[in-house]
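Here is the structure we will look at, set down as structure tokens.
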Amino acid sequence: MIYLIIATVIFVAVVFYLAQLVVLGLEQRADEDVLKAKDTFGKIIDQKDKAQAEKAKLEREAMQIFTLYDMTKEITRHSNEQDAFNIFFRKLKENVIIEDCQLVQDIGDVFKGGVLPSEFAVFVLKSKEKKMGVLLYKGLDPKDKEKFSILAHQFALALRRLKLYKDIEVLAITDSLTGVCTRRYFMDRFEEEIKRSSVRKCNLAFLMIDADHFKLINDQHGHLAGDQVLKEISNIIQENVREIDIVGRFGGEEFCVVLPDTDTEGARFVAERIRKSAEKRLIKAYDSTLRVTLSIGLAIYPSDGKLVDEIIDKADWALYRAKSEGRNCVVAFGNYQK
């Protein structure tokens with residue numbers, strides 16, 4: 001009986017021990033499963049955080065691209081550099097923390113006694129290694145330096161585009177040899193001035209100017225000397241008219257001038273001043289020193305005509321009369337119609 005009891009106790013003890021081992025194993029597995037679950041959950045959280053960070057980065061980059069696009073789009077609507085800068089500065093203040101920013105053509109323009117004001121920093125605007133200007137700025141938040149740099153570089157590209165547009169416009173409206181208006185552009189301006197004079201009910205004068213014996217200059221001294229003479233005639237005309245007057249090259253050695261708000265007496269005064277200035281001028285043309293005289297015909301709106309073609313025809317007739325009267329003189333069409 002005793003042996004039976006002992007055997008039973010031992011059996012129970014063994015069963016209990018084995019049961020303990022099983023429970024410990026299950027607990028250990030449960031702990032391992034919990035740890036694995038925690039690790040997996042941690043990785044999921046990390047991936048989620050990375051995804052959110054990447055999303056935020058993409059959103060910032062997209063916003064930056066939209067900002068650059070909007071800024072460039074607005075700037076290209078304007079042909080004035082100051083207007084372009086005002087747009088840039090507005091966009092700058094919308095996207096970065098900055099106290100002030102100024103655009104100057106050259107850093108030397110703002111030096112005081114050779115020293116730049118200490119509160120300002122300098123950013124040189126460049127496009128394809130060409131200097132487009134200088135930004136002076138202060139109060140920029142250090143965390144916004146990269147964003148400021150990106151916007152400033154885009155502004156430099158926009159400035160370069162504006163300058164190219166201006167260069168193309170100048171080429172389109174300016175005679176390459178003499179620097180005055182091309183005939184086509186001159187005619188457009190002439191039409192505008194006729195309309196303005198009609199509205200204001202005021203006079204307008206038109207001068208047709210021709211270099212006397214210009215063919216002889218080309219034949220005797222060469223076309224390069226002839227070109228130099230045309231440049232000098234252009235200079236003489238521009239020196240003797242007002243800023244509001246319009247000077248154009250009509251063709252060959254012929255020039256023309258529109259004088260807004262000018263009557264016959266005033267037009268004759270300007271024409272004589274041009275003629276006398278040319279008569280006195282010694283023109284250095286390579287190895288030759290030349291003199292040139294001018295014949296000038298003039299017509300007046302509205303007394304001599306109300307249309308551009310009419311006024312040109314009358315001035316051309318007066319120029320022909322000046323040539324026939326010995327050249328180097330001024331003839332007004334109206335003087336022969338009384």
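Ligands are numbered from 1 in the order shown, chains are lettered A, B, ... in the order of the structure tokens, and residues start at 1 in each chain.
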Find the residues near A:Lys195: any atom within 12 Å, counting only C-alpha atoms, skip ones fewer than 6 places away on the same chain, and give them as an MDAnalysis selection string.
chainID A and resid 188:189 201:204 260 301:302 306:308
May I have the selected residues written with N, CA and C atoms, as an mmCIF file, in the first residue's frame?
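Result saved to selection_22.cif:
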```cif
data_model
loop_
_atom_site.group_PDB
_atom_site.id
_atom_site.type_symbol
_atom_site.label_atom_id
_atom_site.label_comp_id
_atom_site.auth_asym_id
_atom_site.auth_seq_id
_atom_site.Cartn_x
_atom_site.Cartn_y
_atom_site.Cartn_z
ATOM 1 N N ASP A 188 4.428 102.827 -87.923
ATOM 2 C CA ASP A 188 3.446 102.529 -86.865
ATOM 3 C C ASP A 188 3.345 103.695 -85.879
ATOM 4 N N ARG A 189 4.503 104.231 -85.490
ATOM 5 C CA ARG A 189 4.519 105.361 -84.557
ATOM 6 C C ARG A 189 3.902 106.607 -85.191
ATOM 7 N N LYS A 201 -6.417 117.822 -81.509
ATOM 8 C CA LYS A 201 -6.620 118.926 -82.453
ATOM 9 C C LYS A 201 -5.418 119.867 -82.458
ATOM 10 N N CYS A 202 -4.241 119.282 -82.677
ATOM 11 C CA CYS A 202 -3.011 120.066 -82.738
ATOM 12 C C CYS A 202 -2.225 119.702 -83.994
ATOM 13 N N ASN A 203 -1.245 120.518 -84.313
ATOM 14 C CA ASN A 203 -0.417 120.284 -85.489
ATOM 15 C C ASN A 203 0.602 119.169 -85.250
ATOM 16 N N LEU A 204 1.105 118.650 -86.344
ATOM 17 C CA LEU A 204 2.190 117.682 -86.316
ATOM 18 C C LEU A 204 3.040 117.935 -87.572
ATOM 19 N N PRO A 260 5.831 115.961 -83.006
ATOM 20 C CA PRO A 260 4.487 116.178 -82.449
ATOM 21 C C PRO A 260 4.302 117.620 -81.977
ATOM 22 N N TYR A 301 0.601 118.322 -90.614
ATOM 23 C CA TYR A 301 -0.751 117.814 -90.370
ATOM 24 C C TYR A 301 -1.492 118.871 -89.558
ATOM 25 N N PRO A 302 -2.707 119.227 -89.857
ATOM 26 C CA PRO A 302 -3.570 118.680 -90.921
ATOM 27 C C PRO A 302 -3.606 119.549 -92.187
ATOM 28 N N LYS A 306 -4.251 114.805 -94.090
ATOM 29 C CA LYS A 306 -4.751 114.211 -92.853
ATOM 30 C C LYS A 306 -4.413 112.732 -92.726
ATOM 31 N N LEU A 307 -3.837 112.179 -93.790
ATOM 32 C CA LEU A 307 -3.433 110.777 -93.762
ATOM 33 C C LEU A 307 -1.913 110.692 -93.853
ATOM 34 N N VAL A 308 -1.354 109.608 -93.307
ATOM 35 C CA VAL A 308 0.101 109.431 -93.305
ATOM 36 C C VAL A 308 0.657 109.488 -94.719
#
```
Between A:Lys163, A:Ala158, A:Val96, A:Gln228, single out the one closest to A:Asp287, counting only C-alpha atoms.
A:Gln228
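The gap separating atom CA of A:Thr174 from atom CA of A:Trp317 is 26.6 Å, in Å to one decimal.
The space separating atom CA of A:Asp212 from atom CA of A:Phe250 comes to 15.3 Å.
Relative to atom CA of A:Asn335, atom CA of A:Glu254 is found at 22.2 Å.
On the backbone of this structure, DSSP gives strand (DSSP E) within stretch 161-224 of chain A to Leu204, Ala205, Phe206, Leu207, Met208, Ile209, Asp210 and Ala211 of chain A.
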